[in-house]
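Participant: Okay, here's the structure, questions in a sec.
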Amino acid sequence: MVYSLSTLPSTFSRLNLFPKTFKALNLQRFHKQHRLRPLNYPLLHFPSSATRFSTSRSPLSSKPFDDDLVVLGIETSCDDTAAAIVRGNGEILSQVVSSQADLLARYGGVAPKMAEEAHSQVIDQVVQDTLDKAGLTEKELSAVAVTIGPGLSLCLRVGVQKARRVAGNFNLPIIGVHHMEAHALVARLIEKELQFPFLALLISGGHNLLVLAHDLGHYTQLGTTIDDAIGEAFDKTAKWLGLDMRKSGGPAVEQLAREGDAESVRFSIPMKQHKDCNFSYAGLKTQVKMAIASRNIDAKVPLLCASSQDRSSRADIAASFQRVAVLHLEERCGRAVEWALKIEPSIKQLVVSGGVASNQYVRARLDQVVKKYSLQLVCPPPNLCTDNGVMVAWTGIENFRVGRYDPPPPANDPEDFMYDLRPRWPLGEEYAEGRSEARSLRRARVHPSLTSLVQASLQQQ
């Protein structure tokens with residue numbers, strides 16, 4: 001589907017204004033060196049004809065102007081309040097993450113309203129600590145990047161409001177970031193030789209996504225979840241097994257699984273009959289719940305207080321669940337690699353990112369998959385797999401380089417201002433051969449995909 005520029009939704013201000021008084025020093029130097037001229041297109045600003053968006057696939061490299069770029073990234077899409085400052089050459093100047101571990105333990109998962117309140121209480125301090133650790137003030141920033149979707153609307157709003165206040169008060173451009181694109185692109189910060197195109201598996205509490213990254217802002221969706229994501233399945237399994245949720249369910253299940261027999265409980269691998277790249281974890285969750293009930297495991301009894309036999313049963317379930325959950329990933333990834341090589345024969349890497357990518361068992365198993373196809377597995381370090389400000393700042397830098405940003409917002413938004421938040425925002429267009437026949441596939445879209453917006457804007461140049 002093609003959208004004209006006149007119909008593209010505005011990311012932030014809904015105003016096509018670019019103040020003549022805009023004189024951010026670092027940005028001004030950037031424009032002078034690269035003849036970059038911001039255009040009045042919300043979200044999707046592009047360079048002038050002298051420096052049009054390039055589709056070349058040269059390796060990521062430091063450039064002379066990179067040290068002048070200093071971007072603040074803000075992330076509040078779910079339960080972590082995070083901020084970071086990253087230099088254009090990839091140097092991480094500072095990063096701060098405020099966790100909601102106590103709330104996760106209390107509610108057994110993310111409670112959106114409670115999460116919003118927690119974000120609101122700490123967002124100012126998190127950003128200030130980030131600036132202090134970098135030894136900078138807002139006046140020394142080049143731009144502000146912030147996650148605008150997908151995620152929880154209440155939580156996204158907190159980050160966007162803070163980003164707009166900083167950008168507005170200090171006359172800085174603002175960059176709306178797609179949360180899943182940020183998870184994929186942070187690998188380019190770590191692996192300097194990572195080039196487009198590459199395949200990416202993005203796995204977290206709310207997402208299971210297989211995408212072929214053709215170029216910045218150009219993605220093909222090979223597979224997604226038709227119901228629950230793998231991270232959600234890990235969290236629920238941890239909760240039902242009575243594990244400590246303060247560090248989220250994934251690490252708790254992974255740790256307990258090391259004690260168990262992964263072959264002891266014969267769970268079925270999901271969607272074996274569907275020869276596509278989509279995922280489903282709702283049925284596996286039901287199998288786990290039934291296995292726990294059949295062994296009379298009481299989740300109200302903490303693991304530390306469980307008897308030796310009870311602990312052994314819980315460990316067996318954890319190990320068996322993890323084995324089958326990851327087997328589902330392996331099968332889908334293998335098929336996705338084959339599809340991706342048909343579309344883009346030059347791909348050399350599979351990027352695995354998102355919170356679940358911190359799991360060492362997941363990494364080890366997927367490494368075996370990619371070796372069959374002579375590909376390289378690229379995983380960011382665990383602290384950059386979970387939600388963080390670094391990935392947002394870096395994605396802001398990548399988009400800023402090609403002119404995709406919004407002008408500074410007003411210093412103060414009116415009370416009735418309507419923020420453009422994108423809780424359901426696809427990253428890429430669906431691969432035709434990969435459409436699932438599973439009846440529960442969620443197809444509702446609130447916003448056009450990031451890829452369709454970028455392509456529509458490029459066609460108008």
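Chain identifiers are assigned as A, B, and so on, following the order in which chains appear in the structure tokens; residues are numbered from 1 within each chain, and ligands are numbered from 1 in order of appearance.
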Would you kindly return, as number ranges by chain, each protein, DNA or RNA residue with an atom no farther than 6 Å from any atom of range 181-188 of chain A, considering only C-alpha atoms and excluding same-chain residues fewer than 2 positions away?
Facilitator: A: 178-179, 190-192, 194, 353-354, 380, 391-392, 395
Participant: Any chance you could export the current selection's N, CA and C atoms as a PDB file, in the first residue's frame?
Facilitator:
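And here's out.pdb as it stands now:
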```
ATOM      1  N   HIS A 178      11.459   3.584  15.980  1.00  0.00           N
ATOM      2  CA  HIS A 178      10.700   2.335  16.044  1.00  0.00           C
ATOM      3  C   HIS A 178      11.459   1.385  16.969  1.00  0.00           C
ATOM      4  N   HIS A 179      10.777   0.910  18.011  1.00  0.00           N
ATOM      5  CA  HIS A 179      11.406   0.092  19.046  1.00  0.00           C
ATOM      6  C   HIS A 179      12.091  -1.145  18.469  1.00  0.00           C
ATOM      7  N   ILE A 190      27.653  -2.448  17.618  1.00  0.00           N
ATOM      8  CA  ILE A 190      28.604  -3.392  18.211  1.00  0.00           C
ATOM      9  C   ILE A 190      29.471  -4.059  17.147  1.00  0.00           C
ATOM     10  N   GLU A 191      28.859  -4.490  16.065  1.00  0.00           N
ATOM     11  CA  GLU A 191      29.566  -5.194  14.984  1.00  0.00           C
ATOM     12  C   GLU A 191      29.750  -4.214  13.827  1.00  0.00           C
ATOM     13  N   LYS A 192      30.908  -3.573  13.789  1.00  0.00           N
ATOM     14  CA  LYS A 192      31.142  -2.480  12.837  1.00  0.00           C
ATOM     15  C   LYS A 192      31.078  -2.929  11.377  1.00  0.00           C
ATOM     16  N   LEU A 194      28.921  -5.095  10.176  1.00  0.00           N
ATOM     17  CA  LEU A 194      27.583  -5.561   9.823  1.00  0.00           C
ATOM     18  C   LEU A 194      26.981  -4.652   8.761  1.00  0.00           C
ATOM     19  N   SER A 353      18.327 -10.266  18.620  1.00  0.00           N
ATOM     20  CA  SER A 353      18.294  -9.212  19.628  1.00  0.00           C
ATOM     21  C   SER A 353      16.937  -9.197  20.309  1.00  0.00           C
ATOM     22  N   GLY A 354      16.790  -8.336  21.313  1.00  0.00           N
ATOM     23  CA  GLY A 354      15.606  -8.348  22.157  1.00  0.00           C
ATOM     24  C   GLY A 354      15.940  -9.049  23.464  1.00  0.00           C
ATOM     25  N   PRO A 380      24.007  -8.674  20.259  1.00  0.00           N
ATOM     26  CA  PRO A 380      24.531  -7.618  21.131  1.00  0.00           C
ATOM     27  C   PRO A 380      24.787  -8.184  22.524  1.00  0.00           C
ATOM     28  N   MET A 391      20.276   1.762  22.263  1.00  0.00           N
ATOM     29  CA  MET A 391      19.739   1.345  20.965  1.00  0.00           C
ATOM     30  C   MET A 391      18.878   2.450  20.354  1.00  0.00           C
ATOM     31  N   VAL A 392      18.198   3.214  21.196  1.00  0.00           N
ATOM     32  CA  VAL A 392      17.360   4.310  20.706  1.00  0.00           C
ATOM     33  C   VAL A 392      18.228   5.455  20.194  1.00  0.00           C
ATOM     34  N   THR A 395      19.917   4.341  16.876  1.00  0.00           N
ATOM     35  CA  THR A 395      18.964   4.350  15.761  1.00  0.00           C
ATOM     36  C   THR A 395      18.637   5.784  15.375  1.00  0.00           C
TER      37      THR A 395
END
```
Participant: Among range 221-409 of chain A, which ones does DSSP place in strand (DSSP E or B), written as an mmCIF file with C-alpha atoms, in the first residue's frame?
Facilitator:
```cif
data_model
loop_
_atom_site.group_PDB
_atom_site.id
_atom_site.type_symbol
_atom_site.label_atom_id
_atom_site.label_comp_id
_atom_site.auth_asym_id
_atom_site.auth_seq_id
_atom_site.Cartn_x
_atom_site.Cartn_y
_atom_site.Cartn_z
ATOM 1 C CA GLN A 221 8.552 -9.268 7.574
ATOM 2 C CA LEU A 222 9.108 -12.984 7.106
ATOM 3 C CA GLY A 223 7.359 -14.075 10.285
ATOM 4 C CA THR A 224 5.715 -12.858 13.472
ATOM 5 C CA THR A 225 3.773 -14.268 16.396
ATOM 6 C CA PHE A 279 5.343 -18.304 15.801
ATOM 7 C CA GLN A 349 24.563 -12.543 9.239
ATOM 8 C CA LEU A 350 21.630 -13.379 11.455
ATOM 9 C CA VAL A 351 21.156 -10.722 14.129
ATOM 10 C CA VAL A 352 19.389 -11.959 17.264
ATOM 11 C CA SER A 353 18.294 -9.212 19.628
ATOM 12 C CA GLN A 376 27.470 -15.514 11.284
ATOM 13 C CA LEU A 377 25.354 -15.101 14.423
ATOM 14 C CA VAL A 378 25.480 -11.531 15.725
ATOM 15 C CA ASP A 406 11.543 16.394 13.077
#
```
Participant: Mind giving me the straight-line distance from CA of Asp129 in chain A to CA of Ile92 in chain A in Å, one decimal?
Facilitator: 14.3 Å
Participant: Could you check which of A:Pro448, A:Ser120, A:Glu232, A:Val326 is closest to Ala364 in chain A, using only C-alpha atoms?
Facilitator: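 Checking each of A:Pro448, A:Ser120, A:Glu232, A:Val326 against Ala364 in chain A, counting only C-alpha atoms, the winner is A:Val326.
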Participant: At what distance in Å, to one decimal, does CA of Thr76 in chain A lie from CA of Gly159 in chain A?
Facilitator: 5.3 Å
Participant: Given the choices A:Ala115, A:Ala213, A:Leu458, A:Val177, which gets closest to Phe400 in chain A if the distance is worked out from only C-alpha atoms?
Facilitator: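 For Phe400 in chain A, the nearest of the given residues is A:Val177.
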Participant: Compare A:Asn399, A:Ser204, A:Thr451, A:Asn388 by their minimum atom-to-atom distance to Ser248 in chain A, counting only C-alpha atoms, and give me the closest one.
Facilitator: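 For Ser248 in chain A, the nearest of the candidates is A:Ser204.
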Participant: Could you list, as a PDB file with N, CA, C and O atoms, in the first residue's frame, every residue within 12 Å of His207 in chain A, counting only C-alpha atoms and ignoring same-chain residues fewer than 2 positions away?
Facilitator:
```pdb
ATOM      1  N   CYS A  78       7.960  -0.064  27.651  1.00  0.00           N
ATOM      2  CA  CYS A  78       7.356  -1.108  28.485  1.00  0.00           C
ATOM      3  C   CYS A  78       7.626  -0.829  29.963  1.00  0.00           C
ATOM      4  O   CYS A  78       7.057   0.107  30.515  1.00  0.00           O
ATOM      5  N   PRO A 150       6.574   0.295  18.624  1.00  0.00           N
ATOM      6  CA  PRO A 150       5.381  -0.166  19.337  1.00  0.00           C
ATOM      7  C   PRO A 150       5.662  -0.297  20.833  1.00  0.00           C
ATOM      8  O   PRO A 150       6.810  -0.255  21.255  1.00  0.00           O
ATOM      9  N   GLY A 151       4.593  -0.462  21.606  1.00  0.00           N
ATOM     10  CA  GLY A 151       4.728  -0.562  23.057  1.00  0.00           C
ATOM     11  C   GLY A 151       3.425  -0.244  23.732  1.00  0.00           C
ATOM     12  O   GLY A 151       2.366  -0.193  23.094  1.00  0.00           O
ATOM     13  N   HIS A 179      10.777   0.910  18.011  1.00  0.00           N
ATOM     14  CA  HIS A 179      11.406   0.092  19.046  1.00  0.00           C
ATOM     15  C   HIS A 179      12.091  -1.145  18.469  1.00  0.00           C
ATOM     16  O   HIS A 179      13.219  -1.496  18.861  1.00  0.00           O
ATOM     17  N   MET A 180      11.447  -1.814  17.530  1.00  0.00           N
ATOM     18  CA  MET A 180      12.011  -3.052  16.985  1.00  0.00           C
ATOM     19  C   MET A 180      13.164  -2.764  16.009  1.00  0.00           C
ATOM     20  O   MET A 180      14.113  -3.540  15.926  1.00  0.00           O
ATOM     21  N   HIS A 183      16.150  -2.411  18.201  1.00  0.00           N
ATOM     22  CA  HIS A 183      16.714  -3.694  18.615  1.00  0.00           C
ATOM     23  C   HIS A 183      17.586  -4.291  17.501  1.00  0.00           C
ATOM     24  O   HIS A 183      18.623  -4.915  17.783  1.00  0.00           O
ATOM     25  N   LEU A 201      16.271 -11.723  13.925  1.00  0.00           N
ATOM     26  CA  LEU A 201      15.266 -12.334  14.783  1.00  0.00           C
ATOM     27  C   LEU A 201      15.174 -11.479  16.034  1.00  0.00           C
ATOM     28  O   LEU A 201      16.146 -11.351  16.778  1.00  0.00           O
ATOM     29  N   LEU A 202      14.014 -10.878  16.257  1.00  0.00           N
ATOM     30  CA  LEU A 202      13.810  -9.978  17.386  1.00  0.00           C
ATOM     31  C   LEU A 202      12.827 -10.637  18.346  1.00  0.00           C
ATOM     32  O   LEU A 202      11.659 -10.845  18.000  1.00  0.00           O
ATOM     33  N   ILE A 203      13.308 -10.979  19.528  1.00  0.00           N
ATOM     34  CA  ILE A 203      12.519 -11.786  20.463  1.00  0.00           C
ATOM     35  C   ILE A 203      12.500 -11.126  21.840  1.00  0.00           C
ATOM     36  O   ILE A 203      13.539 -10.834  22.415  1.00  0.00           O
ATOM     37  N   SER A 204      11.282 -10.919  22.343  1.00  0.00           N
ATOM     38  CA  SER A 204      11.131 -10.242  23.629  1.00  0.00           C
ATOM     39  C   SER A 204       9.817 -10.672  24.264  1.00  0.00           C
ATOM     40  O   SER A 204       9.169 -11.615  23.820  1.00  0.00           O
ATOM     41  N   GLY A 205       9.419  -9.957  25.308  1.00  0.00           N
ATOM     42  CA  GLY A 205       8.172 -10.274  25.991  1.00  0.00           C
ATOM     43  C   GLY A 205       6.939 -10.021  25.148  1.00  0.00           C
ATOM     44  O   GLY A 205       5.922 -10.695  25.299  1.00  0.00           O
ATOM     45  N   LEU A 209       9.695 -11.628  15.978  1.00  0.00           N
ATOM     46  CA  LEU A 209       9.706 -11.025  14.653  1.00  0.00           C
ATOM     47  C   LEU A 209      10.925 -11.504  13.874  1.00  0.00           C
ATOM     48  O   LEU A 209      12.058 -11.416  14.356  1.00  0.00           O
ATOM     49  N   LEU A 210      10.688 -12.016  12.678  1.00  0.00           N
ATOM     50  CA  LEU A 210      11.747 -12.363  11.736  1.00  0.00           C
ATOM     51  C   LEU A 210      11.666 -11.386  10.574  1.00  0.00           C
ATOM     52  O   LEU A 210      10.664 -11.335   9.860  1.00  0.00           O
ATOM     53  N   VAL A 211      12.702 -10.571  10.407  1.00  0.00           N
ATOM     54  CA  VAL A 211      12.675  -9.563   9.353  1.00  0.00           C
ATOM     55  C   VAL A 211      13.955  -9.624   8.529  1.00  0.00           C
ATOM     56  O   VAL A 211      15.037  -9.911   9.050  1.00  0.00           O
ATOM     57  N   GLY A 223       8.174 -13.363   9.309  1.00  0.00           N
ATOM     58  CA  GLY A 223       7.359 -14.075  10.285  1.00  0.00           C
ATOM     59  C   GLY A 223       7.138 -13.250  11.531  1.00  0.00           C
ATOM     60  O   GLY A 223       7.939 -12.376  11.869  1.00  0.00           O
ATOM     61  N   THR A 224       6.031 -13.539  12.218  1.00  0.00           N
ATOM     62  CA  THR A 224       5.715 -12.858  13.472  1.00  0.00           C
ATOM     63  C   THR A 224       4.915 -13.826  14.339  1.00  0.00           C
ATOM     64  O   THR A 224       4.613 -14.944  13.929  1.00  0.00           O
ATOM     65  N   THR A 225       4.559 -13.397  15.539  1.00  0.00           N
ATOM     66  CA  THR A 225       3.773 -14.268  16.396  1.00  0.00           C
ATOM     67  C   THR A 225       2.286 -14.158  16.053  1.00  0.00           C
ATOM     68  O   THR A 225       1.797 -13.068  15.756  1.00  0.00           O
ATOM     69  N   ILE A 226       1.586 -15.285  16.087  1.00  0.00           N
ATOM     70  CA  ILE A 226       0.154 -15.250  15.823  1.00  0.00           C
ATOM     71  C   ILE A 226      -0.630 -15.083  17.120  1.00  0.00           C
ATOM     72  O   ILE A 226      -1.839 -14.860  17.093  1.00  0.00           O
ATOM     73  N   ASP A 227       0.047 -15.197  18.267  1.00  0.00           N
ATOM     74  CA  ASP A 227      -0.626 -14.994  19.552  1.00  0.00           C
ATOM     75  C   ASP A 227       0.350 -14.421  20.573  1.00  0.00           C
ATOM     76  O   ASP A 227       0.489 -13.215  20.690  1.00  0.00           O
ATOM     77  N   ASP A 228       1.057 -15.297  21.304  1.00  0.00           N
ATOM     78  CA  ASP A 228       1.964 -14.833  22.341  1.00  0.00           C
ATOM     79  C   ASP A 228       3.417 -14.928  21.880  1.00  0.00           C
ATOM     80  O   ASP A 228       3.775 -15.801  21.092  1.00  0.00           O
ATOM     81  N   ALA A 229       4.251 -14.031  22.404  1.00  0.00           N
ATOM     82  CA  ALA A 229       5.677 -14.051  22.102  1.00  0.00           C
ATOM     83  C   ALA A 229       6.400 -14.981  23.066  1.00  0.00           C
ATOM     84  O   ALA A 229       5.883 -15.333  24.129  1.00  0.00           O
ATOM     85  N   ILE A 230       7.627 -15.341  22.713  1.00  0.00           N
ATOM     86  CA  ILE A 230       8.390 -16.273  23.529  1.00  0.00           C
ATOM     87  C   ILE A 230       8.684 -15.703  24.916  1.00  0.00           C
ATOM     88  O   ILE A 230       8.665 -16.422  25.920  1.00  0.00           O
ATOM     89  N   GLY A 231       8.927 -14.400  24.994  1.00  0.00           N
ATOM     90  CA  GLY A 231       9.195 -13.796  26.299  1.00  0.00           C
ATOM     91  C   GLY A 231       8.004 -13.872  27.233  1.00  0.00           C
ATOM     92  O   GLY A 231       8.159 -14.078  28.446  1.00  0.00           O
ATOM     93  N   GLU A 232       6.810 -13.724  26.668  1.00  0.00           N
ATOM     94  CA  GLU A 232       5.588 -13.874  27.456  1.00  0.00           C
ATOM     95  C   GLU A 232       5.470 -15.296  27.989  1.00  0.00           C
ATOM     96  O   GLU A 232       5.087 -15.515  29.151  1.00  0.00           O
ATOM     97  N   ALA A 233       5.829 -16.280  27.171  1.00  0.00           N
ATOM     98  CA  ALA A 233       5.771 -17.679  27.602  1.00  0.00           C
ATOM     99  C   ALA A 233       6.775 -17.948  28.725  1.00  0.00           C
ATOM    100  O   ALA A 233       6.482 -18.670  29.685  1.00  0.00           O
ATOM    101  N   ASN A 278       6.038 -18.088  10.993  1.00  0.00           N
ATOM    102  CA  ASN A 278       5.325 -17.472  12.106  1.00  0.00           C
ATOM    103  C   ASN A 278       5.448 -18.316  13.374  1.00  0.00           C
ATOM    104  O   ASN A 278       5.785 -19.498  13.320  1.00  0.00           O
ATOM    105  N   PHE A 279       5.149 -17.686  14.493  1.00  0.00           N
ATOM    106  CA  PHE A 279       5.343 -18.304  15.801  1.00  0.00           C
ATOM    107  C   PHE A 279       4.028 -18.371  16.576  1.00  0.00           C
ATOM    108  O   PHE A 279       3.129 -17.558  16.368  1.00  0.00           O
ATOM    109  N   SER A 280       3.956 -19.315  17.496  1.00  0.00           N
ATOM    110  CA  SER A 280       2.820 -19.415  18.412  1.00  0.00           C
ATOM    111  C   SER A 280       3.311 -20.031  19.721  1.00  0.00           C
ATOM    112  O   SER A 280       3.927 -21.104  19.713  1.00  0.00           O
ATOM    113  N   TYR A 281       3.018 -19.352  20.830  1.00  0.00           N
ATOM    114  CA  TYR A 281       3.415 -19.877  22.139  1.00  0.00           C
ATOM    115  C   TYR A 281       2.240 -20.047  23.103  1.00  0.00           C
ATOM    116  O   TYR A 281       2.429 -20.501  24.224  1.00  0.00           O
ATOM    117  N   SER A 353      18.327 -10.266  18.620  1.00  0.00           N
ATOM    118  CA  SER A 353      18.294  -9.212  19.628  1.00  0.00           C
ATOM    119  C   SER A 353      16.937  -9.197  20.309  1.00  0.00           C
ATOM    120  O   SER A 353      16.028  -9.945  19.950  1.00  0.00           O
ATOM    121  N   GLY A 354      16.790  -8.336  21.313  1.00  0.00           N
ATOM    122  CA  GLY A 354      15.606  -8.348  22.157  1.00  0.00           C
ATOM    123  C   GLY A 354      15.940  -9.049  23.464  1.00  0.00           C
ATOM    124  O   GLY A 354      16.945  -9.752  23.585  1.00  0.00           O
ATOM    125  N   GLY A 355      15.100  -8.865  24.468  1.00  0.00           N
ATOM    126  CA  GLY A 355      15.389  -9.376  25.795  1.00  0.00           C
ATOM    127  C   GLY A 355      15.707 -10.851  25.864  1.00  0.00           C
ATOM    128  O   GLY A 355      16.612 -11.283  26.595  1.00  0.00           O
ATOM    129  N   VAL A 356      14.977 -11.680  25.107  1.00  0.00           N
ATOM    130  CA  VAL A 356      15.178 -13.130  25.154  1.00  0.00           C
ATOM    131  C   VAL A 356      16.521 -13.522  24.537  1.00  0.00           C
ATOM    132  O   VAL A 356      17.053 -14.599  24.817  1.00  0.00           O
ATOM    133  N   ALA A 357      17.098 -12.644  23.721  1.00  0.00           N
ATOM    134  CA  ALA A 357      18.404 -12.926  23.121  1.00  0.00           C
ATOM    135  C   ALA A 357      19.518 -12.940  24.161  1.00  0.00           C
ATOM    136  O   ALA A 357      20.647 -13.356  23.854  1.00  0.00           O
ATOM    137  N   ARG A 424       0.798  -0.163  18.165  1.00  0.00           N
ATOM    138  CA  ARG A 424       0.853  -1.257  17.177  1.00  0.00           C
ATOM    139  C   ARG A 424       1.372  -0.662  15.872  1.00  0.00           C
ATOM    140  O   ARG A 424       0.643   0.005  15.143  1.00  0.00           O
ATOM    141  N   TRP A 425       2.645  -0.915  15.629  1.00  0.00           N
ATOM    142  CA  TRP A 425       3.302  -0.273  14.490  1.00  0.00           C
ATOM    143  C   TRP A 425       4.207  -1.292  13.814  1.00  0.00           C
ATOM    144  O   TRP A 425       5.313  -1.567  14.284  1.00  0.00           O
ATOM    145  N   PRO A 426       3.780  -1.904  12.718  1.00  0.00           N
ATOM    146  CA  PRO A 426       4.607  -2.903  12.035  1.00  0.00           C
ATOM    147  C   PRO A 426       5.925  -2.303  11.546  1.00  0.00           C
ATOM    148  O   PRO A 426       5.990  -1.125  11.188  1.00  0.00           O
ATOM    149  N   LEU A 427       6.947  -3.120  11.547  1.00  0.00           N
ATOM    150  CA  LEU A 427       8.253  -2.667  11.081  1.00  0.00           C
ATOM    151  C   LEU A 427       8.371  -2.772   9.566  1.00  0.00           C
ATOM    152  O   LEU A 427       8.897  -1.868   8.913  1.00  0.00           O
TER     153      LEU A 427
END
```
Participant: From a backbone DSSP assignment, name each residue in range 64-280 of chain A labelled helix (DSSP H, G or I), as a PyMOL selection string.
Facilitator: chain A and resi 66-68+101-107+112-134+138-140+153-169+179-190+230-240+249-257
Participant: Between A:Gly434, A:Asn412, A:Ser449, A:Lys272, which one has atoms that come closest to Arg165 in chain A, using only C-alpha atoms?
Facilitator: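 The answer is A:Asn412, which sits nearest to Arg165 in chain A.
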Participant: Which residue is closest to Leu450 in chain A? Choose from A:Met271, A:Leu329, A:Val70, A:Ile148 and count only C-alpha atoms.
Facilitator: A:Ile148
Participant: Could you name the residues that touch Glu116 in chain A at 8 Å or less, counting only C-alpha atoms, but leaving out those on the same chain fewer than 5 positions away, as a list in words?
Facilitator: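 Within the cut-off, the hits are Leu154, Cys155 and Val158 of chain A.
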